[in-house]
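S.K.: TSV, C-alpha atoms, file coords-v2.tsv:
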chain	number	residue	atom	x	y	z
A	51	MET	CA	0.00	0.00	0.00
A	52	ARG	CA	1.55	3.31	-1.13
A	53	LYS	CA	2.01	5.95	1.53
A	54	VAL	CA	0.22	9.21	1.11
A	55	GLY	CA	2.74	11.99	0.46
A	56	ALA	CA	3.51	14.99	-1.64
A	57	PRO	CA	2.54	14.74	-5.31
A	58	GLY	CA	5.25	13.26	-7.47
A	59	GLY	CA	6.78	11.15	-4.68
A	60	GLN	CA	9.43	11.90	-2.15
A	61	GLY	CA	12.36	11.01	-4.38
A	62	GLN	CA	11.55	13.47	-7.14
A	63	ALA	CA	12.98	16.96	-7.31
A	64	PRO	CA	10.65	19.76	-6.23
A	65	SER	CA	8.68	21.52	-8.90
A	66	GLY	CA	10.75	24.16	-10.70
A	67	MET	CA	14.10	22.75	-9.55
A	68	GLY	CA	14.96	21.14	-12.87
A	69	ALA	CA	17.39	18.27	-13.28
A	70	LEU	CA	19.79	19.39	-10.55
A	71	GLY	CA	17.36	19.03	-7.69
A	72	ARG	CA	17.40	21.09	-4.51
A	73	SER	CA	20.76	19.83	-3.23
A	74	GLY	CA	22.39	20.39	-6.62
A	75	VAL	CA	21.08	23.94	-6.82
A	76	VAL	CA	22.32	24.71	-3.30
A	77	LEU	CA	25.76	23.23	-4.08
A	78	LEU	CA	26.03	25.18	-7.34
A	79	THR	CA	25.01	28.36	-5.53
A	80	TYR	CA	27.82	27.86	-3.01
A	81	VAL	CA	30.30	27.25	-5.85
A	82	LEU	CA	29.20	30.42	-7.65
A	83	ALA	CA	29.45	32.43	-4.44
A	84	ALA	CA	32.97	31.09	-3.83
A	85	LEU	CA	34.02	31.98	-7.38
A	86	GLU	CA	32.55	35.47	-7.10
A	87	LEU	CA	34.23	36.19	-3.77
A	88	THR	CA	37.55	34.78	-4.99
A	89	CYS	CA	37.51	37.02	-8.05
A	90	LEU	CA	36.38	40.01	-5.99
A	91	PHE	CA	39.25	39.65	-3.55
A	92	MET	CA	41.68	39.12	-6.43
A	93	GLN	CA	40.62	42.53	-7.66
A	94	PHE	CA	40.84	44.04	-4.17
A	95	SER	CA	44.38	42.67	-3.77
A	96	ILE	CA	45.89	44.03	-6.97
A	97	MET	CA	44.13	47.39	-7.24
A	98	PRO	CA	46.10	49.17	-4.46
A	99	TYR	CA	49.45	48.11	-5.93
A	100	LEU	CA	48.30	49.09	-9.41
A	101	SER	CA	47.05	52.43	-8.08
A	102	ARG	CA	50.35	53.07	-6.33
A	103	ARG	CA	52.20	52.25	-9.56
A	104	LEU	CA	50.05	54.82	-11.34
A	105	GLY	CA	50.98	57.47	-8.77
A	106	LEU	CA	47.75	57.68	-6.71
A	107	ASP	CA	47.94	58.57	-3.04
A	108	SER	CA	45.68	57.18	-0.30
A	109	VAL	CA	43.02	59.88	-0.72
A	110	ALA	CA	42.86	59.43	-4.50
A	111	PHE	CA	42.64	55.68	-3.95
A	112	GLY	CA	39.72	56.34	-1.59
A	113	TYR	CA	37.93	58.33	-4.27
A	114	GLN	CA	38.52	55.49	-6.72
A	115	GLN	CA	37.08	52.92	-4.34
A	116	THR	CA	34.10	55.18	-3.62
A	117	VAL	CA	33.26	55.21	-7.32
A	118	PHE	CA	33.56	51.43	-7.34
A	119	GLY	CA	31.29	51.20	-4.30
A	120	VAL	CA	28.63	53.36	-5.96
A	121	LEU	CA	28.68	51.15	-9.03
A	122	GLN	CA	28.55	48.03	-6.88
A	123	LEU	CA	25.65	49.45	-4.90
A	124	LEU	CA	23.74	50.08	-8.12
A	125	GLY	CA	24.54	46.61	-9.40
A	126	GLY	CA	26.81	47.52	-12.29
A	127	PRO	CA	29.95	45.35	-12.53
A	128	VAL	CA	33.15	47.12	-13.48
A	129	PHE	CA	35.92	45.18	-15.21
A	130	GLY	CA	39.43	46.16	-16.25
A	131	ARG	CA	42.05	44.77	-18.64
A	132	ILE	CA	45.27	45.88	-16.97
A	133	GLN	CA	46.55	42.96	-14.94
A	134	CYS	CA	46.31	39.20	-15.51
A	135	PRO	CA	44.36	38.48	-12.27
A	136	VAL	CA	41.68	40.91	-13.38
A	137	ILE	CA	41.35	39.07	-16.70
A	138	VAL	CA	41.06	35.78	-14.82
A	139	ALA	CA	38.43	37.34	-12.56
A	140	PHE	CA	36.49	38.51	-15.62
A	141	VAL	CA	36.59	35.07	-17.26
A	142	VAL	CA	35.56	33.23	-14.08
A	143	THR	CA	32.78	35.72	-13.41
A	144	LEU	CA	31.51	35.28	-16.96
A	145	LEU	CA	31.60	31.50	-16.51
A	146	GLY	CA	29.66	31.84	-13.27
A	147	ALA	CA	27.06	33.98	-15.02
A	148	LEU	CA	26.63	31.34	-17.74
A	149	LEU	CA	26.26	28.58	-15.14
A	150	SER	CA	23.69	30.56	-13.19
A	151	VAL	CA	21.64	31.26	-16.33
A	152	THR	CA	21.72	27.66	-17.58
A	153	CYS	CA	21.58	25.67	-14.33
A	154	ILE	CA	19.81	27.73	-11.68
A	155	PRO	CA	16.01	27.47	-12.05
A	156	ALA	CA	13.86	30.56	-12.18
A	157	SER	CA	11.97	29.42	-9.08
A	158	THR	CA	13.79	27.59	-6.29
A	159	LYS	CA	10.81	27.33	-3.95
A	160	GLY	CA	8.60	24.99	-5.93
A	161	ALA	CA	4.90	24.51	-5.44
A	162	SER	CA	4.25	23.99	-1.75
A	163	ALA	CA	1.90	25.09	0.93
A	164	HIS	CA	4.63	27.32	2.35
A	165	ALA	CA	5.40	29.17	-0.85
A	166	GLN	CA	5.87	32.87	-0.35
A	167	THR	CA	3.13	34.84	-2.02
A	168	THR	CA	2.09	38.43	-1.95
A	169	LEU	CA	-0.53	38.99	0.69
A	170	PRO	CA	-3.99	40.06	-0.53
A	171	GLY	CA	-4.35	43.81	-0.74
A	172	ARG	CA	-0.59	44.46	-0.57
A	173	PRO	CA	0.95	45.80	-3.79
A	174	LYS	CA	3.96	44.02	-5.18
A	175	ALA	CA	7.09	45.89	-4.06
A	176	SER	CA	9.57	47.14	-6.61
A	177	VAL	CA	13.33	46.81	-6.27
A	178	PHE	CA	13.81	50.29	-4.78
A	179	ASP	CA	10.51	50.55	-2.91
A	180	LEU	CA	11.36	53.00	-0.15
A	181	LYS	CA	7.93	52.60	1.43
A	182	ALA	CA	8.43	48.84	1.76
A	183	ILE	CA	11.90	49.34	3.24
A	184	THR	CA	10.59	51.93	5.69
A	185	ARG	CA	7.74	49.61	6.66
A	186	LEU	CA	10.22	46.83	7.43
A	187	LEU	CA	12.53	49.04	9.45
A	188	LEU	CA	9.64	50.37	11.55
A	189	GLN	CA	8.46	46.92	12.56
A	190	PRO	CA	9.04	46.05	16.24
A	191	GLY	CA	12.61	45.06	17.01
A	192	VAL	CA	13.97	45.74	13.51
A	193	LEU	CA	15.37	49.28	13.54
A	194	PRO	CA	17.53	48.94	16.71
A	195	VAL	CA	19.17	45.74	15.45
A	196	PHE	CA	19.72	47.20	11.99
A	197	LEU	CA	21.30	50.33	13.47
A	198	VAL	CA	23.63	48.17	15.57
A	199	LYS	CA	24.62	46.27	12.43
A	200	VAL	CA	25.42	49.46	10.51
A	201	ILE	CA	27.02	51.49	13.32
A	202	CYS	CA	29.23	48.70	14.65
A	203	GLY	CA	30.22	47.65	11.15
A	204	LEU	CA	31.28	51.16	10.12
A	205	PRO	CA	34.65	51.37	11.96
A	206	ILE	CA	35.90	47.98	10.82
A	207	GLY	CA	34.53	48.74	7.37
A	208	LEU	CA	36.69	51.86	7.23
A	209	PHE	CA	39.73	49.82	8.24
A	210	MET	CA	39.09	46.97	5.79
A	211	VAL	CA	38.59	49.19	2.74
A	212	MET	CA	41.93	50.86	3.56
A	213	PHE	CA	43.66	47.63	4.52
A	214	SER	CA	45.47	47.22	1.21
A	215	ILE	CA	47.02	50.67	1.56
A	216	ILE	CA	47.81	49.99	5.22
A	217	SER	CA	49.48	46.69	4.33
A	218	MET	CA	51.76	48.52	1.89
A	219	ASP	CA	52.55	51.68	3.86
A	220	PHE	CA	52.25	50.63	7.51
A	221	PHE	CA	53.04	46.90	7.43
A	222	GLN	CA	55.49	47.22	4.49
A	223	LEU	CA	54.15	44.04	2.82
A	224	GLU	CA	54.63	42.98	-0.76
A	225	ALA	CA	51.69	41.86	-2.88
A	226	ALA	CA	52.35	38.15	-2.23
A	227	GLN	CA	52.72	38.71	1.51
A	228	ALA	CA	49.48	40.69	1.64
A	229	GLY	CA	47.82	37.81	-0.20
A	230	TYR	CA	49.03	35.33	2.43
A	231	LEU	CA	47.68	37.57	5.16
A	232	MET	CA	44.27	37.77	3.49
A	233	SER	CA	44.29	33.98	3.03
A	234	PHE	CA	44.89	33.60	6.78
A	235	PHE	CA	42.01	36.00	7.36
A	236	GLY	CA	39.76	33.92	5.11
A	237	VAL	CA	40.68	30.63	6.81
A	238	LEU	CA	39.95	32.14	10.21
A	239	GLN	CA	36.60	33.37	8.94
A	240	MET	CA	35.63	29.92	7.63
A	241	VAL	CA	36.63	28.20	10.88
A	242	ILE	CA	34.98	30.69	13.21
A	243	GLN	CA	31.80	31.15	11.20
A	244	GLY	CA	31.47	27.45	10.39
A	245	LEU	CA	32.40	25.92	13.74
A	246	VAL	CA	32.56	28.43	16.57
A	247	ILE	CA	29.47	30.57	15.97
A	248	GLY	CA	27.19	27.56	15.52
A	249	ARG	CA	28.30	25.98	18.79
A	250	LEU	CA	27.98	29.24	20.70
A	251	SER	CA	24.49	29.88	19.32
A	252	SER	CA	23.28	26.61	20.83
A	253	HIS	CA	24.41	27.66	24.31
A	254	PHE	CA	23.79	31.41	24.36
A	255	SER	CA	20.99	33.67	23.25
A	256	GLU	CA	21.29	35.95	20.23
A	257	GLY	CA	21.27	38.99	22.49
A	258	ASP	CA	24.22	37.63	24.49
A	259	LEU	CA	26.17	36.91	21.32
A	260	LEU	CA	25.41	40.37	19.98
A	261	ARG	CA	26.69	42.06	23.13
A	262	ALA	CA	29.75	39.79	23.13
A	263	SER	CA	30.59	40.67	19.53
A	264	VAL	CA	30.29	44.40	20.23
A	265	LEU	CA	32.43	44.10	23.38
A	266	VAL	CA	35.15	42.15	21.56
A	267	PHE	CA	35.02	44.71	18.75
A	268	SER	CA	35.68	47.42	21.32
A	269	VAL	CA	38.62	45.57	22.91
A	270	VAL	CA	40.14	44.77	19.52
A	271	GLY	CA	39.79	48.41	18.51
A	272	LEU	CA	41.74	49.50	21.57
A	273	ALA	CA	44.48	46.99	20.72
A	274	MET	CA	44.51	48.12	17.07
A	275	ALA	CA	45.26	51.65	18.21
A	276	LEU	CA	48.41	50.31	19.92
A	277	MET	CA	49.65	47.81	17.31
A	278	ALA	CA	53.00	48.54	15.66
A	279	ASN	CA	53.57	45.74	13.12
A	280	VAL	CA	51.90	42.95	11.19
A	281	PHE	CA	52.64	40.40	13.94
A	282	HIS	CA	50.47	42.40	16.35
A	283	PHE	CA	47.70	42.45	13.76
A	284	CYS	CA	47.91	38.66	13.35
A	285	LEU	CA	47.42	38.31	17.10
A	286	LEU	CA	44.31	40.49	16.87
A	287	MET	CA	42.85	38.64	13.91
A	288	PRO	CA	40.93	35.89	15.80
A	289	GLY	CA	39.07	38.43	17.93
A	290	LEU	CA	38.44	40.67	14.93
A	291	VAL	CA	37.09	37.83	12.80
A	292	PHE	CA	34.94	36.52	15.65
A	293	SER	CA	33.35	39.92	16.12
A	294	MET	CA	32.67	40.36	12.42
A	295	CYS	CA	31.18	36.88	12.00
A	296	ALA	CA	29.09	37.04	15.16
A	297	LEU	CA	27.76	40.50	14.36
A	298	ASN	CA	26.75	39.58	10.80
A	299	VAL	CA	25.26	36.17	11.62
A	300	VAL	CA	23.36	37.27	14.73
A	301	THR	CA	21.94	40.49	13.29
A	302	ASP	CA	20.86	38.79	10.05
A	303	SER	CA	19.16	36.05	12.06
A	304	MET	CA	17.40	38.51	14.37
A	305	LEU	CA	16.24	40.71	11.50
A	306	THR	CA	14.82	37.85	9.42
A	307	LYS	CA	13.00	36.48	12.49
A	308	ALA	CA	11.44	39.88	13.17
A	309	VAL	CA	9.68	40.12	9.79
A	310	SER	CA	7.08	37.96	8.07
A	311	THR	CA	8.03	35.08	5.81
A	312	SER	CA	7.06	37.03	2.70
A	313	ASP	CA	9.41	39.87	3.74
A	314	THR	CA	12.41	37.66	4.52
A	315	GLY	CA	13.95	38.10	1.06
A	316	THR	CA	13.58	41.88	1.21
A	317	MET	CA	15.18	41.98	4.65
A	318	LEU	CA	18.08	39.79	3.53
A	319	GLY	CA	18.61	42.11	0.57
A	320	LEU	CA	18.57	45.10	2.89
A	321	CYS	CA	21.18	43.42	5.10
A	322	ALA	CA	23.32	42.62	2.06
A	323	SER	CA	23.26	46.28	1.00
A	324	VAL	CA	25.19	47.32	4.11
A	325	GLN	CA	28.53	46.12	2.70
A	326	PRO	CA	28.22	48.02	-0.62
A	327	LEU	CA	27.17	51.05	1.42
A	328	MET	CA	30.39	50.73	3.42
A	329	ARG	CA	32.36	50.44	0.20
A	330	THR	CA	30.67	53.61	-1.04
A	331	LEU	CA	31.22	55.82	1.98
A	332	GLY	CA	34.25	54.13	3.54
A	333	PRO	CA	37.10	54.72	1.06
A	334	THR	CA	36.81	58.50	0.94
A	335	LEU	CA	36.32	58.88	4.69
A	336	GLY	CA	38.96	56.24	5.44
A	337	GLY	CA	41.47	57.88	3.11
A	338	LEU	CA	41.02	61.26	4.78
A	339	LEU	CA	41.35	59.75	8.27
A	340	TYR	CA	44.40	57.73	7.29
A	341	ARG	CA	46.22	60.69	5.77
A	342	GLY	CA	45.35	62.97	8.66
A	343	PHE	CA	45.78	60.71	11.69
A	344	GLY	CA	47.42	57.45	10.61
A	345	VAL	CA	46.50	53.84	11.40
A	346	PRO	CA	45.73	54.31	15.16
A	347	VAL	CA	42.67	56.43	14.35
A	348	PHE	CA	40.82	53.35	13.07
A	349	GLY	CA	41.35	51.62	16.40
A	350	HIS	CA	40.27	54.69	18.37
A	351	VAL	CA	37.09	55.07	16.32
A	352	GLN	CA	36.29	51.37	16.61
A	353	PHE	CA	36.81	51.36	20.37
A	354	ALA	CA	34.75	54.49	21.00
A	355	ILE	CA	31.77	53.57	18.81
A	356	ASN	CA	31.50	49.95	19.91
A	357	PHE	CA	31.95	50.78	23.58
A	358	ILE	CA	29.08	53.28	23.40
A	359	VAL	CA	26.90	50.72	21.61
A	360	PHE	CA	27.80	48.11	24.22
A	361	LEU	CA	26.69	50.42	27.03
A	362	VAL	CA	23.39	51.04	25.22
A	363	LEU	CA	22.83	47.30	24.72
A	364	TRP	CA	23.67	46.67	28.35
A	365	ARG	CA	21.06	49.17	29.56
A	366	GLN	CA	18.45	48.31	26.92
A	367	PRO	CA	19.04	44.71	25.81
A	368	VAL	CA	17.37	43.32	22.73
A	369	PRO	CA	14.58	40.74	23.21
A	370	ARG	CA	15.97	37.30	24.07
A	371	LYS	CA	13.71	35.55	21.57
A	372	MET	CA	12.28	37.05	18.44
A	373	GLY	CA	9.79	34.79	16.70
A	374	LYS	CA	8.87	34.92	13.06
A	375	ALA	CA	6.27	37.60	12.46
A	376	GLN	CA	3.13	36.56	10.69
What does the file become when written as C-alpha cells?
M.R.:
Amino acid sequence: MRKVGAPGGQGQAPSGMGALGRSGVVLLTYVLAALELTCLFMQFSIMPYLSRRLGLDSVAFGYQQTVFGVLQLLGGPVFGRIQCPVIVAFVVTLLGALLSVTCIPASTKGASAHAQTTLPGRPKASVFDLKAITRLLLQPGVLPVFLVKVICGLPIGLFMVMFSIISMDFFQLEAAQAGYLMSFFGVLQMVIQGLVIGRLSSHFSEGDLLRASVLVFSVVGLAMALMANVFHFCLLMPGLVFSMCALNVVTDSMLTKAVSTSDTGTMLGLCASVQPLMRTLGPTLGGLLYRGFGVPVFGHVQFAINFIVFLVLWRQPVPRKMGKAQ
C-alpha cells in the first residue's frame, strides 16, 4: 500500500528545480558564491598596488574605491584589462554567469503550501521601494538591530577598505605577503563562522552573542590603536574575525526572524546592501582619516563607537527571543 505523500513522490525533485534538484542547486550556488568572492578579492588585492604604480595617493585611492562602491551598490559590474588576475576574474565571473543562467532554475521554492506569495491587498514591491523598506525598518525590534549592524560595522569597514594601503605603507608588505595575510584572514573566517558561531548559538541567546561581539570589537579596537607591526595584527585577527562573523550572523538572524516570511527576502537584501554602502562611503572617509591621523585612528574610532553601543545594549538589551512575524 503506497504511503500518502507529496505529489510526485518523495524522491523526485521539487517543482521548478529542474534536473539538478534542490541539493544540486544549493551546491552550485555555493560554488558560484565562492568563485565570485575569490575574483572580488583578487581585484581588491591588486588594485592598491596598481594604483600606487600609477601614482595615486591614499586619498585618490579612496575616491577610486568610492566610485567602485557606488557602481557596486547600483549593481553595475566594473571590469578592467590591466593585470592578468583581473582578466582571470572577468573570465571566471563570466563563466559563473553562464552557469547561473543555464543551471539555476527561475523558481527555487517549488509549489508547496509554504510558498511565499504576496498577501492580498498588498501591492507588489519594486526593487527600490522606499515605502516597503521603511515599513520593514519600523516593525518592532527591527530598527535597533539594523542600526547596531550598521554602526558597529562602520569602523571595521573603514579599516578593511583601507587595509590594502595599510598593508603597503604601515606593514610594508609585498603583494604576495598581503595575499598570504588575506588567506589567513579567510581561513579564520571559515573556521569561526562554520564551527565556533554555531556551537555558541546553541548555548547562548542571540542577544548575548550580539553584546559579546560588540564588546570584543571594542577591545580589539583599543588593541589596534596600539599595534605597531603585522605580527600584532595577526594576534588580533581571531578576535576581529569573531566579532565580524558574530555581528553579521546574529543580526541577520534577528532581523529575518522579526519580519514575516514574505518579507524575509527583502530583509536579507537590505542586510546585504550594508557592505556596498560601506564600500561607497568608507574609502573616501577612510582615506582622509588615514592621511590625517594614521592607522591608530581606526582603532580609536572602533573602540569608541562599539563601547558606546555596548553600554546602550547593556542598559536596553534586545529581546531574548524574536519569533517569526506573521
S.K.: Rounded to one decimal, what separation in Å do you get between atom CA of Leu245 of chain A and atom CA of Ala322 of chain A?
M.R.: 22.3 Å
S.K.: From the list A:Tyr340, A:Phe196, A:Tyr113, A:Phe353, which residue is nearest Thr306 of chain A when using all atoms listed in the file?
M.R.: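 Ranking A:Tyr340, A:Phe196, A:Tyr113, A:Phe353 by distance to Thr306 of chain A, first place goes to A:Phe196.
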S.K.: Could you state the separation of atom CA of Arg365 of chain A and atom CA of Leu250 of chain A in Å, given to one decimal place?
M.R.: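 It comes out at 22.9 Å.
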S.K.: To one decimal in Å, tell me the separation between atom CA of Ala228 of chain A and atom CA of Leu144 of chain A.
M.R.: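 Interatomic distance here is 26.4 Å.
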S.K.: Measuring between only C-alpha atoms, which one of A:Leu77, A:Met218, A:Ile201, A:Met287 shows the shortest distance to Met274 of chain A?
M.R.: A:Met287
